[in-house]
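Chemist: What follows is work.pdb; its format and atoms are PDB, C-alpha atoms, pLDDT in the B column.
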```pdb
ATOM      1  CA  MET J  77    -154.417 108.626  -0.677  1.00 70.00           C
ATOM      2  CA  THR J  78    -152.494 105.365  -0.718  1.00 76.00           C
ATOM      3  CA  GLU J  79    -149.775 104.506   1.798  1.00 76.00           C
ATOM      4  CA  ASN J  80    -147.045 104.920  -0.834  1.00 81.00           C
ATOM      5  CA  GLU J  81    -148.358 108.292  -1.896  1.00 81.00           C
ATOM      6  CA  PHE J  82    -148.477 109.433   1.704  1.00 78.00           C
ATOM      7  CA  ASP J  83    -144.941 108.162   2.317  1.00 80.00           C
ATOM      8  CA  MET J  84    -143.650 110.118  -0.664  1.00 82.00           C
ATOM      9  CA  LEU J  85    -145.504 113.214   0.444  1.00 79.00           C
ATOM     10  CA  TRP J  86    -144.252 112.789   3.983  1.00 77.00           C
ATOM     11  CA  GLN J  87    -140.617 112.391   2.904  1.00 81.00           C
ATOM     12  CA  ARG J  88    -140.860 115.461   0.700  1.00 82.00           C
ATOM     13  CA  ALA J  89    -142.470 117.396   3.526  1.00 80.00           C
ATOM     14  CA  GLU J  90    -139.716 116.368   5.938  1.00 77.00           C
ATOM     15  CA  ALA J  91    -137.031 117.329   3.416  1.00 82.00           C
ATOM     16  CA  GLU J  92    -138.618 120.683   2.718  1.00 80.00           C
ATOM     17  CA  GLY J  93    -139.279 121.424   6.365  1.00 78.00           C
ATOM     18  CA  TYR J  94    -143.046 121.458   6.570  1.00 76.00           C
ATOM     19  CA  GLY J  95    -143.526 118.038   8.231  1.00 72.00           C
ATOM     20  CA  LYS J  96    -145.315 119.587  11.221  1.00 72.00           C
ATOM     21  CA  ARG J  97    -147.882 121.260   8.957  1.00 73.00           C
ATOM     22  CA  LEU J  98    -148.535 118.029   7.131  1.00 71.00           C
ATOM     23  CA  ALA J  99    -148.941 116.181  10.424  1.00 73.00           C
ATOM     24  CA  ALA J 100    -151.469 118.801  11.518  1.00 74.00           C
ATOM     25  CA  GLU J 101    -153.411 118.442   8.285  1.00 73.00           C
ATOM     26  CA  TYR J 102    -153.599 114.660   8.399  1.00 73.00           C
ATOM     27  CA  PRO J 103    -153.968 113.838  12.102  1.00 73.00           C
ATOM     28  CA  LEU J 104    -156.572 111.123  11.587  1.00 75.00           C
ATOM     29  CA  TRP J 105    -154.599 109.431   8.854  1.00 72.00           C
ATOM     30  CA  ARG J 106    -151.494 109.312  11.041  1.00 73.00           C
ATOM     31  CA  GLN J 107    -153.473 108.071  14.000  1.00 78.00           C
ATOM     32  CA  LYS J 108    -155.025 105.316  11.887  1.00 78.00           C
ATOM     33  CA  ARG J 109    -151.643 104.325  10.531  1.00 77.00           C
ATOM     34  CA  ARG J 110    -150.041 104.254  13.971  1.00 81.00           C
ATOM     35  CA  ARG J 111    -152.909 102.121  15.280  1.00 86.00           C
ATOM     36  CA  ALA J 112    -152.480  99.639  12.429  1.00 86.00           C
ATOM     37  CA  VAL J 113    -148.728  99.388  13.051  1.00 87.00           C
ATOM     38  CA  SER J 114    -149.329  98.895  16.797  1.00 91.00           C
ATOM     39  CA  MET J 115    -151.890  96.192  16.134  1.00 92.00           C
ATOM     40  CA  VAL J 116    -149.564  94.287  13.792  1.00 92.00           C
ATOM     41  CA  THR J 117    -146.715  94.589  16.320  1.00 93.00           C
ATOM     42  CA  ALA J 118    -148.940  93.379  19.162  1.00 94.00           C
ATOM     43  CA  LEU J 119    -150.151  90.481  17.036  1.00 94.00           C
ATOM     44  CA  LEU J 120    -146.577  89.488  16.216  1.00 94.00           C
ATOM     45  CA  ILE J 121    -145.618  89.578  19.908  1.00 94.00           C
ATOM     46  CA  VAL J 122    -148.625  87.446  20.876  1.00 94.00           C
ATOM     47  CA  VAL J 123    -147.917  84.890  18.134  1.00 93.00           C
ATOM     48  CA  THR J 124    -144.210  84.709  19.083  1.00 92.00           C
ATOM     49  CA  VAL J 125    -144.975  84.220  22.790  1.00 91.00           C
ATOM     50  CA  ALA J 126    -147.640  81.597  22.031  1.00 90.00           C
ATOM     51  CA  MET J 127    -145.303  79.729  19.697  1.00 88.00           C
ATOM     52  CA  SER J 128    -142.431  79.770  22.176  1.00 85.00           C
ATOM     53  CA  LEU J 129    -144.725  78.480  24.938  1.00 84.00           C
ATOM     54  CA  PHE J 130    -146.051  75.771  22.663  1.00 81.00           C
ATOM     55  CA  THR J 131    -142.601  74.632  21.485  1.00 77.00           C
ATOM     56  CA  THR J 132    -141.223  74.680  25.052  1.00 73.00           C
ATOM     57  CA  GLN J 133    -144.090  72.466  26.210  1.00 74.00           C
ATOM     58  CA  LEU J 134    -143.637  70.211  23.206  1.00 73.00           C
ATOM     59  CA  ARG J 135    -139.923  69.880  23.865  1.00 70.00           C
ATOM     60  CA  GLN J 136    -140.396  69.114  27.525  1.00 70.00           C
ATOM     61  CA  SER J 137    -142.920  66.407  26.758  1.00 75.00           C
ATOM     62  CA  ARG J 138    -140.581  64.635  24.341  1.00 85.00           C
ATOM     63  CA  ASP J 139    -137.447  62.603  24.987  1.00 89.00           C
ATOM     64  CA  TYR J 140    -135.417  65.030  22.883  1.00 93.00           C
ATOM     65  CA  GLU J 141    -135.443  68.704  21.977  1.00 91.00           C
ATOM     66  CA  LYS J 142    -133.984  68.880  18.485  1.00 91.00           C
ATOM     67  CA  VAL J 143    -132.336  66.562  15.983  1.00 94.00           C
ATOM     68  CA  TYR J 144    -129.886  67.515  13.258  1.00 95.00           C
ATOM     69  CA  CYS J 145    -128.862  64.986  10.634  1.00 95.00           C
ATOM     70  CA  ASN J 146    -126.683  65.131   7.550  1.00 94.00           C
ATOM     71  CA  ARG J 147    -128.996  62.731   5.663  1.00 91.00           C
ATOM     72  CA  VAL J 148    -132.707  62.277   5.175  1.00 91.00           C
ATOM     73  CA  GLY J 149    -134.542  59.010   5.695  1.00 89.00           C
ATOM     74  CA  THR J 150    -134.507  58.539   9.454  1.00 91.00           C
ATOM     75  CA  THR J 151    -137.006  60.308  11.678  1.00 93.00           C
ATOM     76  CA  ASP J 152    -136.038  62.394  14.705  1.00 93.00           C
ATOM     77  CA  ALA J 153    -137.793  59.924  17.003  1.00 93.00           C
ATOM     78  CA  GLN J 154    -135.780  57.048  15.523  1.00 95.00           C
ATOM     79  CA  TRP J 155    -132.527  58.873  16.283  1.00 96.00           C
ATOM     80  CA  ALA J 156    -133.646  59.537  19.859  1.00 95.00           C
ATOM     81  CA  SER J 157    -134.556  55.877  20.169  1.00 95.00           C
ATOM     82  CA  LEU J 158    -131.102  54.868  18.898  1.00 95.00           C
ATOM     83  CA  ALA J 159    -129.489  57.210  21.443  1.00 96.00           C
ATOM     84  CA  ALA J 160    -131.428  55.385  24.170  1.00 94.00           C
ATOM     85  CA  GLU J 161    -130.580  51.938  22.804  1.00 93.00           C
ATOM     86  CA  MET J 162    -126.871  52.698  22.569  1.00 94.00           C
ATOM     87  CA  LEU J 163    -126.798  53.533  26.275  1.00 91.00           C
ATOM     88  CA  LEU J 164    -128.116  50.063  27.015  1.00 89.00           C
ATOM     89  CA  GLU J 165    -125.691  48.246  24.699  1.00 82.00           C
TER      90      GLU J 165
ATOM     91  CA  MET N 267    -139.272  89.556   0.550  1.00 58.00           C
ATOM     92  CA  LYS N 268    -135.974  91.324   1.254  1.00 62.00           C
ATOM     93  CA  ARG N 269    -136.746  91.316   4.974  1.00 62.00           C
ATOM     94  CA  LEU N 270    -137.464  87.571   4.857  1.00 59.00           C
ATOM     95  CA  ILE N 271    -134.134  86.879   3.158  1.00 67.00           C
ATOM     96  CA  ILE N 272    -132.288  88.975   5.759  1.00 67.00           C
ATOM     97  CA  PHE N 273    -134.134  87.133   8.555  1.00 62.00           C
ATOM     98  CA  LEU N 274    -133.195  83.735   7.076  1.00 62.00           C
ATOM     99  CA  MET N 275    -129.595  84.852   6.650  1.00 70.00           C
ATOM    100  CA  LEU N 276    -129.512  85.820  10.330  1.00 65.00           C
ATOM    101  CA  LEU N 277    -131.140  82.533  11.322  1.00 60.00           C
ATOM    102  CA  LEU N 278    -128.616  80.351   9.468  1.00 62.00           C
ATOM    103  CA  PRO N 279    -125.611  81.077  11.748  1.00 59.00           C
ATOM    104  CA  ILE N 280    -127.823  80.458  14.807  1.00 57.00           C
ATOM    105  CA  VAL N 281    -128.685  76.970  13.505  1.00 58.00           C
ATOM    106  CA  ALA N 282    -125.040  76.296  12.697  1.00 61.00           C
ATOM    107  CA  MET N 283    -124.063  77.377  16.210  1.00 67.00           C
ATOM    108  CA  ALA N 284    -126.423  74.789  17.700  1.00 81.00           C
ATOM    109  CA  GLN N 285    -124.528  71.989  15.990  1.00 86.00           C
ATOM    110  CA  SER N 286    -121.573  70.690  17.977  1.00 89.00           C
ATOM    111  CA  GLY N 287    -118.018  70.609  16.706  1.00 91.00           C
ATOM    112  CA  LEU N 288    -118.133  66.819  16.787  1.00 92.00           C
ATOM    113  CA  TYR N 289    -121.216  66.780  14.541  1.00 94.00           C
ATOM    114  CA  LYS N 290    -119.638  69.221  12.098  1.00 93.00           C
ATOM    115  CA  THR N 291    -116.401  67.211  11.985  1.00 92.00           C
ATOM    116  CA  TYR N 292    -118.070  63.981  10.907  1.00 93.00           C
ATOM    117  CA  ALA N 293    -121.145  65.283   9.034  1.00 94.00           C
ATOM    118  CA  SER N 294    -119.085  66.343   6.050  1.00 92.00           C
ATOM    119  CA  ARG N 295    -117.359  62.978   5.687  1.00 92.00           C
ATOM    120  CA  GLN N 296    -118.409  60.487   3.056  1.00 92.00           C
ATOM    121  CA  ASN N 297    -120.166  57.219   3.944  1.00 94.00           C
ATOM    122  CA  LEU N 298    -121.086  58.390   7.419  1.00 96.00           C
ATOM    123  CA  THR N 299    -124.585  59.162   8.605  1.00 96.00           C
ATOM    124  CA  VAL N 300    -124.335  61.617  11.460  1.00 97.00           C
ATOM    125  CA  ALA N 301    -127.072  62.875  13.755  1.00 97.00           C
ATOM    126  CA  GLN N 302    -127.096  65.166  16.755  1.00 97.00           C
ATOM    127  CA  VAL N 303    -129.876  64.609  19.263  1.00 96.00           C
ATOM    128  CA  SER N 304    -129.957  67.788  21.333  1.00 95.00           C
ATOM    129  CA  GLY N 305    -131.526  67.643  24.781  1.00 94.00           C
ATOM    130  CA  PHE N 306    -131.809  63.870  25.018  1.00 95.00           C
ATOM    131  CA  LYS N 307    -133.820  63.254  28.181  1.00 95.00           C
ATOM    132  CA  LEU N 308    -132.107  61.232  30.902  1.00 94.00           C
ATOM    133  CA  SER N 309    -134.425  62.251  33.718  1.00 93.00           C
ATOM    134  CA  GLU N 310    -137.002  64.938  34.490  1.00 90.00           C
ATOM    135  CA  SER N 311    -134.273  67.471  35.214  1.00 92.00           C
ATOM    136  CA  GLN N 312    -131.314  66.262  33.166  1.00 94.00           C
ATOM    137  CA  ARG N 313    -130.782  66.299  29.420  1.00 95.00           C
ATOM    138  CA  VAL N 314    -127.625  65.792  27.349  1.00 96.00           C
ATOM    139  CA  ASP N 315    -126.582  66.277  23.748  1.00 96.00           C
ATOM    140  CA  VAL N 316    -125.780  63.113  21.808  1.00 97.00           C
ATOM    141  CA  VAL N 317    -123.916  62.748  18.527  1.00 97.00           C
ATOM    142  CA  ILE N 318    -124.456  59.455  16.727  1.00 97.00           C
ATOM    143  CA  ILE N 319    -122.318  58.257  13.849  1.00 97.00           C
ATOM    144  CA  VAL N 320    -123.311  55.315  11.688  1.00 96.00           C
ATOM    145  CA  ALA N 321    -120.846  53.930   9.138  1.00 96.00           C
ATOM    146  CA  ASP N 322    -122.543  52.985   5.887  1.00 94.00           C
ATOM    147  CA  ASP N 323    -120.240  50.058   5.117  1.00 94.00           C
ATOM    148  CA  ASP N 324    -117.643  47.806   6.717  1.00 93.00           C
ATOM    149  CA  ALA N 325    -114.661  49.591   5.195  1.00 94.00           C
ATOM    150  CA  THR N 326    -115.791  52.934   6.597  1.00 95.00           C
ATOM    151  CA  TRP N 327    -116.444  51.350   9.982  1.00 95.00           C
ATOM    152  CA  LYS N 328    -112.934  49.830  10.046  1.00 94.00           C
ATOM    153  CA  GLN N 329    -111.443  53.217   9.276  1.00 94.00           C
ATOM    154  CA  LEU N 330    -113.534  54.875  11.986  1.00 94.00           C
ATOM    155  CA  ALA N 331    -112.709  52.131  14.510  1.00 94.00           C
ATOM    156  CA  LYS N 332    -109.038  52.578  13.747  1.00 94.00           C
ATOM    157  CA  GLU N 333    -109.239  56.348  14.251  1.00 94.00           C
ATOM    158  CA  LEU N 334    -110.991  55.939  17.591  1.00 93.00           C
ATOM    159  CA  ASN N 335    -108.887  52.983  18.680  1.00 92.00           C
ATOM    160  CA  ILE N 336    -111.843  50.590  18.957  1.00 92.00           C
ATOM    161  CA  LYS N 337    -110.765  46.981  19.092  1.00 86.00           C
ATOM    162  CA  GLY N 338    -112.939  43.901  18.733  1.00 77.00           C
ATOM    163  CA  GLU N 339    -115.936  43.073  16.596  1.00 76.00           C
ATOM    164  CA  ALA N 340    -118.421  41.707  19.117  1.00 77.00           C
ATOM    165  CA  GLY N 341    -120.337  43.359  21.939  1.00 82.00           C
ATOM    166  CA  SER N 342    -119.907  47.027  22.666  1.00 88.00           C
ATOM    167  CA  VAL N 343    -117.081  49.230  23.838  1.00 91.00           C
ATOM    168  CA  SER N 344    -117.456  52.287  26.011  1.00 92.00           C
ATOM    169  CA  TRP N 345    -115.175  54.837  27.560  1.00 94.00           C
ATOM    170  CA  LEU N 346    -114.979  58.396  28.822  1.00 95.00           C
ATOM    171  CA  GLY N 347    -113.351  60.530  26.166  1.00 94.00           C
ATOM    172  CA  ASP N 348    -111.885  63.984  25.980  1.00 93.00           C
ATOM    173  CA  VAL N 349    -114.360  66.533  24.591  1.00 92.00           C
ATOM    174  CA  ASP N 350    -111.939  67.860  21.988  1.00 90.00           C
ATOM    175  CA  LYS N 351    -110.253  64.543  21.261  1.00 92.00           C
ATOM    176  CA  PRO N 352    -112.692  61.657  21.824  1.00 93.00           C
ATOM    177  CA  VAL N 353    -110.081  58.988  21.051  1.00 93.00           C
ATOM    178  CA  GLN N 354    -108.240  60.025  24.205  1.00 92.00           C
ATOM    179  CA  ARG N 355    -109.541  58.045  27.192  1.00 92.00           C
ATOM    180  CA  VAL N 356    -109.894  60.132  30.345  1.00 92.00           C
ATOM    181  CA  LYS N 357    -110.958  59.584  33.918  1.00 89.00           C
ATOM    182  CA  TRP N 358    -114.062  61.261  35.280  1.00 85.00           C
ATOM    183  CA  SER N 359    -113.543  64.809  36.464  1.00 79.00           C
ATOM    184  CA  SER N 360    -115.812  67.811  36.828  1.00 72.00           C
ATOM    185  CA  ALA N 361    -114.705  69.063  33.405  1.00 75.00           C
ATOM    186  CA  PRO N 362    -116.958  68.260  30.404  1.00 92.00           C
ATOM    187  CA  VAL N 363    -116.377  64.731  29.102  1.00 94.00           C
ATOM    188  CA  LEU N 364    -117.868  62.448  26.488  1.00 95.00           C
ATOM    189  CA  ARG N 365    -119.359  59.069  27.321  1.00 95.00           C
ATOM    190  CA  VAL N 366    -118.579  57.156  24.151  1.00 96.00           C
ATOM    191  CA  VAL N 367    -120.414  53.939  23.324  1.00 95.00           C
ATOM    192  CA  ALA N 368    -119.394  51.998  20.225  1.00 95.00           C
ATOM    193  CA  SER N 369    -121.213  49.030  18.769  1.00 95.00           C
ATOM    194  CA  PRO N 370    -119.255  47.262  16.009  1.00 94.00           C
ATOM    195  CA  ALA N 371    -122.271  45.055  15.218  1.00 92.00           C
ATOM    196  CA  ARG N 372    -124.334  48.174  14.436  1.00 93.00           C
ATOM    197  CA  ARG N 373    -121.342  50.048  12.994  1.00 95.00           C
ATOM    198  CA  THR N 374    -122.478  52.848  15.292  1.00 96.00           C
ATOM    199  CA  ILE N 375    -120.810  55.169  17.788  1.00 97.00           C
ATOM    200  CA  ALA N 376    -122.688  57.439  20.195  1.00 97.00           C
ATOM    201  CA  PHE N 377    -121.089  60.365  22.038  1.00 97.00           C
ATOM    202  CA  TYR N 378    -122.967  61.660  25.098  1.00 97.00           C
ATOM    203  CA  ARG N 379    -121.687  65.038  26.193  1.00 96.00           C
ATOM    204  CA  ILE N 380    -121.614  65.308  29.977  1.00 95.00           C
ATOM    205  CA  ASN N 381    -121.127  68.805  31.338  1.00 94.00           C
ATOM    206  CA  THR N 382    -121.959  68.339  34.996  1.00 93.00           C
ATOM    207  CA  GLU N 383    -121.773  65.763  37.744  1.00 92.00           C
ATOM    208  CA  ALA N 384    -125.588  65.700  37.865  1.00 94.00           C
ATOM    209  CA  GLN N 385    -125.696  64.700  34.200  1.00 95.00           C
ATOM    210  CA  TYR N 386    -123.111  61.988  34.841  1.00 94.00           C
ATOM    211  CA  ASP N 387    -125.198  60.613  37.713  1.00 94.00           C
ATOM    212  CA  ALA N 388    -128.376  60.816  35.621  1.00 95.00           C
ATOM    213  CA  LEU N 389    -126.684  58.892  32.820  1.00 94.00           C
ATOM    214  CA  LEU N 390    -125.638  56.117  35.186  1.00 93.00           C
ATOM    215  CA  ASP N 391    -129.139  56.045  36.717  1.00 93.00           C
ATOM    216  CA  TYR N 392    -130.673  55.874  33.252  1.00 93.00           C
ATOM    217  CA  GLN N 393    -128.517  52.887  32.343  1.00 91.00           C
ATOM    218  CA  LEU N 394    -129.203  51.157  35.632  1.00 89.00           C
ATOM    219  CA  ASN N 395    -132.972  51.732  35.594  1.00 87.00           C
ATOM    220  CA  ASN N 396    -133.484  50.797  31.977  1.00 82.00           C
ATOM    221  CA  MET N 397    -131.286  47.720  32.156  1.00 77.00           C
ATOM    222  CA  ASN N 398    -133.297  46.561  35.176  1.00 69.00           C
ATOM    223  CA  GLN N 399    -136.525  47.153  33.262  1.00 68.00           C
ATOM    224  CA  ALA N 400    -135.204  45.267  30.271  1.00 59.00           C
ATOM    225  CA  LYS N 401    -134.461  42.204  32.413  1.00 56.00           C
TER     226      LYS N 401
END
```
What's the structure tokens form of this structure?
Modeler:
Amino acid sequence: MTENEFDMLWQRAEAEGYGKRLAAEYPLWRQKRRRAVSMVTALLIVVTVAMSLFTTQLRQSRDYEKVYCNRVGTTDAQWASLAAEMLLE
Amino acid sequence: MKRLIIFLMLLLPIVAMAQSGLYKTYASRQNLTVAQVSGFKLSESQRVDVVIIVADDDATWKQLAKELNIKGEAGSVSWLGDVDKPVQRVKWSSAPVLRVVASPARRTIAFYRINTEAQYDALLDYQLNNMNQAK
């Protein structure tokens, strides 16, 4: 049974009031599905934390955190360098 | 796909919020290149946001200089400006201020937003240290 088929069956079962029976008949399937969802969630959390740590370290090691510009053509580092130069004008 | 679009739509206002009012004011104007350097490092513990405006041609620079009451063509001009109205020169207080540095030769103006006394001190230290190194 595919995930879509199970979803449809599950929704129908919920609507018709025999969700508990269905859950009892497919305990392994539900368990497997829950495990997969948990694993994906955990993976997402790990990736997000790792990325935030990496970007924080990267930001702290640079002379600037973020650059916004209304035009293309100049690099972020060049803008930071100009900000430094202007202070010494 | 739908979820990605919703996520991007939520992300867009967050990016817009990170841009200062000063940046937004000038970024939409013609013949001006505007950049915002967020978290420009002054010292290990102090960072400030900087908005830099570069006029693409002399006519645009003259207009900008007129608006900000910048006189003279040589050297550089600097002052402490009001956060909401940078043309207005103010004295240092604990309230947020802008350190404005204008260079007519470069047709460039830089606005350093100072929110605290520590940032103000760090900015002065930065100038002092780097000028000494340059000599």
Chemist: Please tabulate, as CSV, the residues of chain J that come within 10 Å of chain N, each with its closest pair of atoms and the distance in Å to one decimal, counting all atoms listed in the file and ordering rows by chain, then residue number upward.
Modeler:
```
residue,atom,partner,partner_atom,distance
J:Arg135,CA,N:Gly305,CA,8.7
J:Gln136,CA,N:Glu310,CA,8.8
J:Ser137,CA,N:Lys307,CA,9.7
J:Arg138,CA,N:Lys307,CA,7.9
J:Asp139,CA,N:Lys307,CA,4.9
J:Tyr140,CA,N:Phe306,CA,4.3
J:Glu141,CA,N:Gly305,CA,4.9
J:Lys142,CA,N:Ser304,CA,5.1
J:Val143,CA,N:Val303,CA,4.5
J:Tyr144,CA,N:Gln302,CA,5.1
J:Cys145,CA,N:Ala301,CA,4.2
J:Asn146,CA,N:Ala293,CA,5.7
J:Arg147,CA,N:Thr299,CA,6.4
J:Val148,CA,N:Thr299,CA,9.4
J:Thr150,CA,N:Ala301,CA,9.6
J:Asp152,CA,N:Val303,CA,8.0
J:Ala153,CA,N:Val303,CA,9.5
J:Trp155,CA,N:Val303,CA,7.0
J:Ala156,CA,N:Val303,CA,6.3
J:Ser157,CA,N:Phe306,CA,9.7
J:Leu158,CA,N:Ile318,CA,8.4
J:Ala159,CA,N:Ala376,CA,6.9
J:Ala160,CA,N:Phe306,CA,8.5
J:Glu161,CA,N:Asn396,CA,9.7
J:Met162,CA,N:Val367,CA,6.6
J:Leu163,CA,N:Gln393,CA,6.3
J:Leu164,CA,N:Gln393,CA,6.0
J:Glu165,CA,N:Ser342,CA,6.3
```
Chemist: Report, in Å to a single decimal, how far apart CA of Ala331 in chain N and CA of Arg373 in chain N are.
Modeler: 9.0 Å
Chemist: For Trp105 in chain J, find every residue with an atom within 12 Å (counting only C-alpha atoms), except residues of its own chain fewer than 3 positions away, and show them as an MDAnalysis selection string.
Modeler: chainID J and resid 77:79 82:83 86 98:102 108:112
Chemist: Those same residues - C-alpha atoms - I'd like them written as a CSV table (one decimal), in the coordinates of the input.
Modeler:
```
chain,number,residue,atom,x,y,z
J,77,MET,CA,-154.4,108.6,-0.7
J,78,THR,CA,-152.5,105.4,-0.7
J,79,GLU,CA,-149.8,104.5,1.8
J,82,PHE,CA,-148.5,109.4,1.7
J,83,ASP,CA,-144.9,108.2,2.3
J,86,TRP,CA,-144.3,112.8,4.0
J,98,LEU,CA,-148.5,118.0,7.1
J,99,ALA,CA,-148.9,116.2,10.4
J,100,ALA,CA,-151.5,118.8,11.5
J,101,GLU,CA,-153.4,118.4,8.3
J,102,TYR,CA,-153.6,114.7,8.4
J,108,LYS,CA,-155.0,105.3,11.9
J,109,ARG,CA,-151.6,104.3,10.5
J,110,ARG,CA,-150.0,104.3,14.0
J,111,ARG,CA,-152.9,102.1,15.3
J,112,ALA,CA,-152.5,99.6,12.4
```
Chemist: Point out the residue among N:Ala340, N:Val353, N:Val320, N:Leu346 with the least atom-to-atom distance to Ile380 in chain N, counting only C-alpha atoms.
Modeler: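 The answer is N:Leu346, which sits nearest to Ile380 in chain N.
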Chemist: Kindly give the distance, in Å, that separates CA of Val113 in chain J and CA of Arg97 in chain J, rounded to a single decimal.
Modeler: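 We find that CA of Val113 in chain J and CA of Arg97 in chain J lie 22.3 Å from each other.
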Chemist: What does the structure give for the distance between CA of Arg379 in chain N and CA of Gly347 in chain N, in Å to one decimal?
Modeler: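 Computing it gives 9.5 Å between the two atoms.
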Chemist: Expanded to explicit residues, what is the PyMOL selection byres ((chain N and resi 354) around 12) for this file, as an mmCIF file with C-alpha atoms, in the frame of the given file?
Modeler:
```
data_model
loop_
_atom_site.group_PDB
_atom_site.id
_atom_site.type_symbol
_atom_site.label_atom_id
_atom_site.label_comp_id
_atom_site.auth_asym_id
_atom_site.auth_seq_id
_atom_site.Cartn_x
_atom_site.Cartn_y
_atom_site.Cartn_z
ATOM 1 C CA GLU N 333 -109.239 56.348 14.251
ATOM 2 C CA LEU N 334 -110.991 55.939 17.591
ATOM 3 C CA ASN N 335 -108.887 52.983 18.680
ATOM 4 C CA ILE N 336 -111.843 50.590 18.957
ATOM 5 C CA TRP N 345 -115.175 54.837 27.560
ATOM 6 C CA LEU N 346 -114.979 58.396 28.822
ATOM 7 C CA GLY N 347 -113.351 60.530 26.166
ATOM 8 C CA ASP N 348 -111.885 63.984 25.980
ATOM 9 C CA VAL N 349 -114.360 66.533 24.591
ATOM 10 C CA ASP N 350 -111.939 67.860 21.988
ATOM 11 C CA LYS N 351 -110.253 64.543 21.261
ATOM 12 C CA PRO N 352 -112.692 61.657 21.824
ATOM 13 C CA VAL N 353 -110.081 58.988 21.051
ATOM 14 C CA ARG N 355 -109.541 58.045 27.192
ATOM 15 C CA VAL N 356 -109.894 60.132 30.345
ATOM 16 C CA LYS N 357 -110.958 59.584 33.918
ATOM 17 C CA VAL N 363 -116.377 64.731 29.102
ATOM 18 C CA LEU N 364 -117.868 62.448 26.488
ATOM 19 C CA ARG N 365 -119.359 59.069 27.321
ATOM 20 C CA VAL N 366 -118.579 57.156 24.151
#
```
Chemist: Give the answer as one residue: which of N:Thr382, N:Ser359, N:Thr291, N:Asn297 has the shortest atom-to-atom distance to Ala321 in chain N, using all atoms listed in the file?
Modeler: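 For Ala321 in chain N, the nearest of the candidates is N:Asn297.
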